[in-house]
Amino acid sequence: MAKRTAQAGAAARAAELREQITQHNYRYHVLDSPEISDAAYDRLMVELNGIEAEHPELITPDSPTQRVGATPIGELVAVVHSKPMLSLDNAFTDEDVTNFDRRVRERLEDVASVEYAAEPKLDGLAVSFRYENGLLVQAATRGDGLRGEDVTHNVRTIKTVPVRLRGEAPELLEVRGEVFMTIAGFKAMNEQALARGERTFVNPRNTAAGSIRQLDPRQTANKPLDVFFYSVGEVRGWKLPARHSEALAQLREWGLKVSPLLKVVQGAAGCLAYYRDIGARRAKLPYEIDGVVYKVDQLAQQRELGFVARAPRWALAHKFPAHEENTIVRDIEFQVGRTGALTPVARLEPVFVGGVTVSNATLHNMDEVQRKDVRIGDTVVLRRAGDVIPEIVKVIIERRPGNARAVELPTQCPVCQSDVEKVADEAVARCTGGLFCPAQRKEALRHFASRRALDIEGLGTKLIDQLVDTDQVHTPADLYKLTLEQLTELERMGEKSAAKLLEALNASKTTTLGRFLYALGIRDVGEATAAALASYFGQLDKLVAASEEQIQQVPDIGPVVAAHVRHFFAQAHNREVIDALRTQGVNWPAQPQRTQTGEGALTGKTFVITGTLDSMSRDEAGDRITAAGGKVTGSVSKKTSYVVVGAEPGSKAQKAQELGIEILDEAGLLKLLAG
């Protein structure tokens with residue numbers, strides 16, 4: 001008796017949970033207006049899973065827990081559509097749309113204007129969904145329009161496809177929808193594939209189509225698939241409303257997701273206005289579309305218009321300019337970015353794609369070139385979609401000419417002829433002439449003048465742009481040659497501001513070796529690494545002459561950073577700029593070389609500084625700590641040795657107390673430094 005009572009209670013709770021979860025799915029996926037948090041939703045699912053695990057006899061086919069099948073199927077079974085899934089005639093010009101509207105009005109007779117239901121045409125896969133008494137019993141691909149393939153096992157994994165309809169559903173309802181993949185989901189999936197060393201997917205449309213036709217639903221469940229329902233097929237037990245737009249509104253009430261951009265428009269003018277509006281919004285949509293669809297809204301008029309061949313007379317697909325076209329790679333050149341990264345760029349036979357003429361396409365890096373096997377002379381598929389950046393999707397190997405040439409990474413920078421560095425296991429290759437390379441000039445100057453580097457107050461981005469664009473500054477050393485007359489000729493630079501900048505430049509000449517090394521912008525050499533190099537070698541000349549093996553003797557510096565440092569100083573151009581800076585008066589106090597670990601007074605100690613100090617700034621305190629062998633970090637943890645507290649400290653002091661970390665005032669820090 002007690003067992004039956006417990007089972008009845010479990011059954012009632014399971015039914016309640018299914019109803020709640022179904023309602024929350026509807027609000028989240030269809031209405032885009034969730035009532036509960038993701039965590040609260042997850043708790044409902046966990047509870048339902050627990051009940052069904054304890055009482056497997058309570059599991060129902062429409063339970064939210066039963067979306068993914070346990071085992072793959074052997075093959076896809078053919079399905080004959082009860083009503084053909086017709087294709088649509090296409091329009092490519094305004095005149096095509098105007099002529100379509102004229103033909104509709106002529107066939108309907110005595111109709112001055114026709115209302116159309118307009119919505120975006122998704123670039124996905126058409127699928128038929130069959131519900132019997134509200135329960136999903138079958139899903140099939142469009143196939144040839146008459147016969148498709150049963151993909152119910154995969155469709156059940158799509159969270160926006162309800163397994164059971166809401167409310168009073170008809171005896172039979174067949175609906176058609178477009179299964180697609182969001183752009184963000186597609187990009188994330190490709191990034192994860194690259195991280196695992198797997199092949200990437202070509203585009204969201206093909207990936208969605210391939211996912212739906214998987215034999216193993218567990219593979220489909222991992223794909224970010226979505227769906228919009230757009231029409232009704234066979235129906236029993238439901239009297240269709242007068243309009244197509246009203247039918248879609250009812251589908252939405254049953255929990256079927258329809259496009260939020262559906263709109264009823266008037267005549268050809270309304271269609272064309274809708275087309276232009278969606279076209280303007282196309283790049284910002286979270287999914288890919290290739291046009292818009294117009295359908296005569298009144299179902300009685302649809303029936304009167306009928307069909308021709310395998311297309312309805314009452315509907316039209318107005319296509320956007322093609323996203324993909326074929327073209328030929330005429331050359332592959334390398335561009336140098338502001339951080340020194342070399343990017344291969346394909347020079348293409350100009351082709352009109354996505355509404356513009358494209359003659360160049362980035363190939364990102366050499367790994368991408370080799371993965372896609374792009375060669376000079378190849379015929380390629382060019383795609384322009386989403387963020388509108390042209391991309392080479394793939395090479396058409398069958399059209400490769402016998403004289404096609406593979407491209408190699410240059411050993412010297414094509415801009416400044418400095419060595420190119422390519423680290424193993426890294427995709428990006430970089431120019432090592434950071435202080436000299438014209439392509440990196442503005443970025444090098446911004447970094448050099450930044451607060452934690454030479455801290456040149458008043459030398460901001462806009463001023464640097466002017467100095468470089470007017471050809472007055474080529475390297476950081478040229479900053480110290482600027483005159484009052486030169487500066488006052490610049491836009492929005494008065495004599496007072498110019499004088500202040502010259503004072504800041506003069507003050508920046510006196511620095512520390514650690515700050516100077518950081519200011520050089522050597523790849524992967526941050527403040528702490530620069531301070532460690534300065535503390536270890538003591539003199540710049542010794543560091544410049546050091547081998548990679550010697551640089552690796554510095555604590556916490558591995559072979560990759562050591563290679564970056566060695567490559568940087570090996571470039572004659574970089575050494576010339578450093579010599580010019582020293583000639584202009586940039587200097588730092590001498591400090592003893594510390595080639596043995598453990599020699600610094602603060603070696604092995606980690607500090608956090610908070611609040612305002614009296615005798616020095618926090619930056620200066622940090623420089624002194626690192627010069628003495630210590631480390632300075634920005635957050636308090638169990639690894640922190642001391643927290644230095646000045647006036648008006650923040651929450652870091654409180655956290656230090658909670659963790660039992662020793663707190664120092666300024667006097668205590670000075671005492672440690674003196675020791």
# chains A, B, ... in the order shown; residues from 1 in each chain; ligands from 1
>>> residues_around(residues="A:Gln552", least_positions_apart="2", cutoff="12 Å", atoms="only C-alpha atoms", output="JSON, numbers by chain")
{"A": [529, 532, 533, 536, 537, 543, 546, 547, 548, 549, 550, 554, 555, 556, 557, 558, 559, 560, 561, 562, 563, 564, 565, 566, 595]}
>>> write_last_selection(atoms="N, CA and C atoms", output="mmCIF file, in the first residue's frame")
data_model
loop_
_atom_site.group_PDB
_atom_site.id
_atom_site.type_symbol
_atom_site.label_atom_id
_atom_site.label_comp_id
_atom_site.auth_asym_id
_atom_site.auth_seq_id
_atom_site.Cartn_x
_atom_site.Cartn_y
_atom_site.Cartn_z
ATOM 1 N N THR A 529 58.300 40.103 -16.306
ATOM 2 C CA THR A 529 59.411 39.487 -17.047
ATOM 3 C C THR A 529 60.504 40.505 -17.319
ATOM 4 N N ALA A 532 62.417 40.993 -14.176
ATOM 5 C CA ALA A 532 63.273 39.838 -13.896
ATOM 6 C C ALA A 532 64.526 39.861 -14.763
ATOM 7 N N LEU A 533 64.375 40.223 -16.030
ATOM 8 C CA LEU A 533 65.535 40.330 -16.923
ATOM 9 C C LEU A 533 66.496 41.413 -16.447
ATOM 10 N N TYR A 536 68.281 40.251 -13.269
ATOM 11 C CA TYR A 536 69.222 39.158 -13.480
ATOM 12 C C TYR A 536 70.497 39.624 -14.187
ATOM 13 N N PHE A 537 70.326 40.398 -15.279
ATOM 14 C CA PHE A 537 71.501 40.794 -16.063
ATOM 15 C C PHE A 537 72.132 42.093 -15.568
ATOM 16 N N LEU A 543 72.406 41.754 -21.543
ATOM 17 C CA LEU A 543 71.199 41.086 -22.023
ATOM 18 C C LEU A 543 71.197 41.007 -23.544
ATOM 19 N N ALA A 546 73.294 38.203 -24.692
ATOM 20 C CA ALA A 546 73.024 36.887 -24.104
ATOM 21 C C ALA A 546 72.436 35.924 -25.121
ATOM 22 N N SER A 547 72.747 34.655 -24.946
ATOM 23 C CA SER A 547 72.176 33.606 -25.791
ATOM 24 C C SER A 547 70.826 33.180 -25.224
ATOM 25 N N GLU A 548 70.097 32.386 -26.015
ATOM 26 C CA GLU A 548 68.808 31.889 -25.522
ATOM 27 C C GLU A 548 68.999 31.066 -24.245
ATOM 28 N N GLU A 549 70.069 30.267 -24.226
ATOM 29 C CA GLU A 549 70.315 29.427 -23.052
ATOM 30 C C GLU A 549 70.574 30.285 -21.819
ATOM 31 N N GLN A 550 71.316 31.375 -21.980
ATOM 32 C CA GLN A 550 71.588 32.257 -20.843
ATOM 33 C C GLN A 550 70.321 32.971 -20.374
ATOM 34 N N VAL A 554 67.139 32.924 -16.322
ATOM 35 C CA VAL A 554 66.364 33.875 -15.518
ATOM 36 C C VAL A 554 65.154 33.143 -14.948
ATOM 37 N N PRO A 555 64.884 33.289 -13.637
ATOM 38 C CA PRO A 555 63.738 32.590 -13.046
ATOM 39 C C PRO A 555 62.433 32.877 -13.784
ATOM 40 N N ASP A 556 61.652 31.823 -14.017
ATOM 41 C CA ASP A 556 60.325 31.892 -14.621
ATOM 42 C C ASP A 556 60.337 32.243 -16.107
ATOM 43 N N ILE A 557 61.492 32.210 -16.750
ATOM 44 C CA ILE A 557 61.548 32.454 -18.198
ATOM 45 C C ILE A 557 61.874 31.147 -18.901
ATOM 46 N N GLY A 558 60.972 30.756 -19.790
ATOM 47 C CA GLY A 558 61.139 29.501 -20.510
ATOM 48 C C GLY A 558 61.705 29.709 -21.902
ATOM 49 N N PRO A 559 61.776 28.635 -22.689
ATOM 50 C CA PRO A 559 62.404 28.712 -24.020
ATOM 51 C C PRO A 559 61.661 29.608 -25.006
ATOM 52 N N VAL A 560 60.322 29.686 -24.917
ATOM 53 C CA VAL A 560 59.571 30.508 -25.874
ATOM 54 C C VAL A 560 59.878 31.984 -25.677
ATOM 55 N N VAL A 561 59.780 32.475 -24.430
ATOM 56 C CA VAL A 561 60.075 33.886 -24.158
ATOM 57 C C VAL A 561 61.547 34.180 -24.429
ATOM 58 N N ALA A 562 62.411 33.252 -24.073
ATOM 59 C CA ALA A 562 63.843 33.454 -24.339
ATOM 60 C C ALA A 562 64.095 33.625 -25.832
ATOM 61 N N ALA A 563 63.384 32.846 -26.649
ATOM 62 C CA ALA A 563 63.535 32.969 -28.106
ATOM 63 C C ALA A 563 63.040 34.325 -28.586
ATOM 64 N N HIS A 564 61.914 34.804 -28.033
ATOM 65 C CA HIS A 564 61.405 36.126 -28.408
ATOM 66 C C HIS A 564 62.443 37.208 -28.098
ATOM 67 N N VAL A 565 63.020 37.150 -26.921
ATOM 68 C CA VAL A 565 64.008 38.166 -26.508
ATOM 69 C C VAL A 565 65.226 38.113 -27.421
ATOM 70 N N ARG A 566 65.708 36.907 -27.684
ATOM 71 C CA ARG A 566 66.900 36.757 -28.520
ATOM 72 C C ARG A 566 66.637 37.251 -29.940
ATOM 73 N N THR A 595 73.264 36.916 -11.133
ATOM 74 C CA THR A 595 73.178 35.718 -11.970
ATOM 75 C C THR A 595 72.851 34.467 -11.183
#
>>> residues_around(residues="stretch 74-87 of chain A", least_positions_apart="4", cutoff="8 Å", atoms="only C-alpha atoms", output="MDAnalysis selection string")
chainID A and resid 140 142 145:151 213 215 233:234 310:312
>>> closest_atom_pairs(of="stretch 255-275 of chain A", to="stretch 115-124 of chain A", cutoff="6 Å", atoms="only C-alpha atoms", output="tab-separated table")
residue	atom	partner	partner_atom	distance
A:Leu261	CA	A:Glu119	CA	5.9
A:Leu262	CA	A:Glu119	CA	4.5
A:Lys263	CA	A:Ala118	CA	5.3
A:Val264	CA	A:Ala117	CA	4.4
A:Val265	CA	A:Tyr116	CA	5.3
A:Gln266	CA	A:Glu115	CA	4.7
A:Gly267	CA	A:Glu115	CA	5.9
>>> write_last_selection(atoms="N, CA and C atoms", output="short mmCIF file (atom, residue, chain, number, x, y, z; two decimals), in the first residue's frame")
data_model
loop_
_atom_site.label_atom_id
_atom_site.label_comp_id
_atom_site.auth_asym_id
_atom_site.auth_seq_id
_atom_site.Cartn_x
_atom_site.Cartn_y
_atom_site.Cartn_z
N LEU A 261 10.13 38.06 -37.23
CA LEU A 261 10.18 39.11 -38.25
C LEU A 261 9.05 38.96 -39.28
N LEU A 262 8.13 38.02 -39.04
CA LEU A 262 6.97 37.87 -39.92
C LEU A 262 6.15 39.17 -39.93
N LYS A 263 5.76 39.60 -41.12
CA LYS A 263 5.01 40.85 -41.24
C LYS A 263 4.06 40.77 -42.43
N VAL A 264 2.85 41.30 -42.26
CA VAL A 264 1.89 41.38 -43.37
C VAL A 264 2.07 42.73 -44.04
N VAL A 265 2.30 42.71 -45.36
CA VAL A 265 2.58 43.93 -46.12
C VAL A 265 1.58 44.07 -47.25
N GLN A 266 1.49 45.28 -47.80
CA GLN A 266 0.50 45.58 -48.84
C GLN A 266 1.16 45.72 -50.21
N GLY A 267 0.81 44.85 -51.13
CA GLY A 267 1.22 44.98 -52.51
C GLY A 267 2.71 44.85 -52.75
#
>>> residues_around(residues="A:Ala268", least_positions_apart="4", cutoff="7 Å", atoms="only C-alpha atoms", output="MDAnalysis selection string")
chainID A and resid 97:98 101 272
>>> write_last_selection(atoms="N, CA, C and O atoms", output="CSV table (one decimal), in the first residue's frame")
chain,number,residue,atom,x,y,z
A,97,VAL,N,9.6,41.1,-58.7
A,97,VAL,CA,8.6,41.2,-57.7
A,97,VAL,C,7.3,41.9,-58.2
A,97,VAL,O,6.2,41.4,-57.9
A,98,THR,N,7.5,43.0,-58.9
A,98,THR,CA,6.4,43.7,-59.4
A,98,THR,C,5.6,42.8,-60.4
A,98,THR,O,4.3,42.9,-60.4
A,101,ASP,N,3.5,40.3,-58.4
A,101,ASP,CA,2.3,40.9,-57.9
A,101,ASP,C,1.2,41.1,-59.0
A,101,ASP,O,0.0,40.9,-58.7
A,272,LEU,N,8.7,45.1,-51.4
A,272,LEU,CA,10.0,45.6,-51.7
A,272,LEU,C,10.6,46.4,-50.5
A,272,LEU,O,11.8,46.4,-50.2
>>> residues_around(residues="stretch 628-633 of chain A", least_positions_apart="3", cutoff="7 Å", atoms="only C-alpha atoms", output="list in words")
Gly600, Ala601, Leu602, Thr603, Gly604, Lys605, Thr606, Phe607, Val608, Gly622, Arg624 and Ile625 of chain A
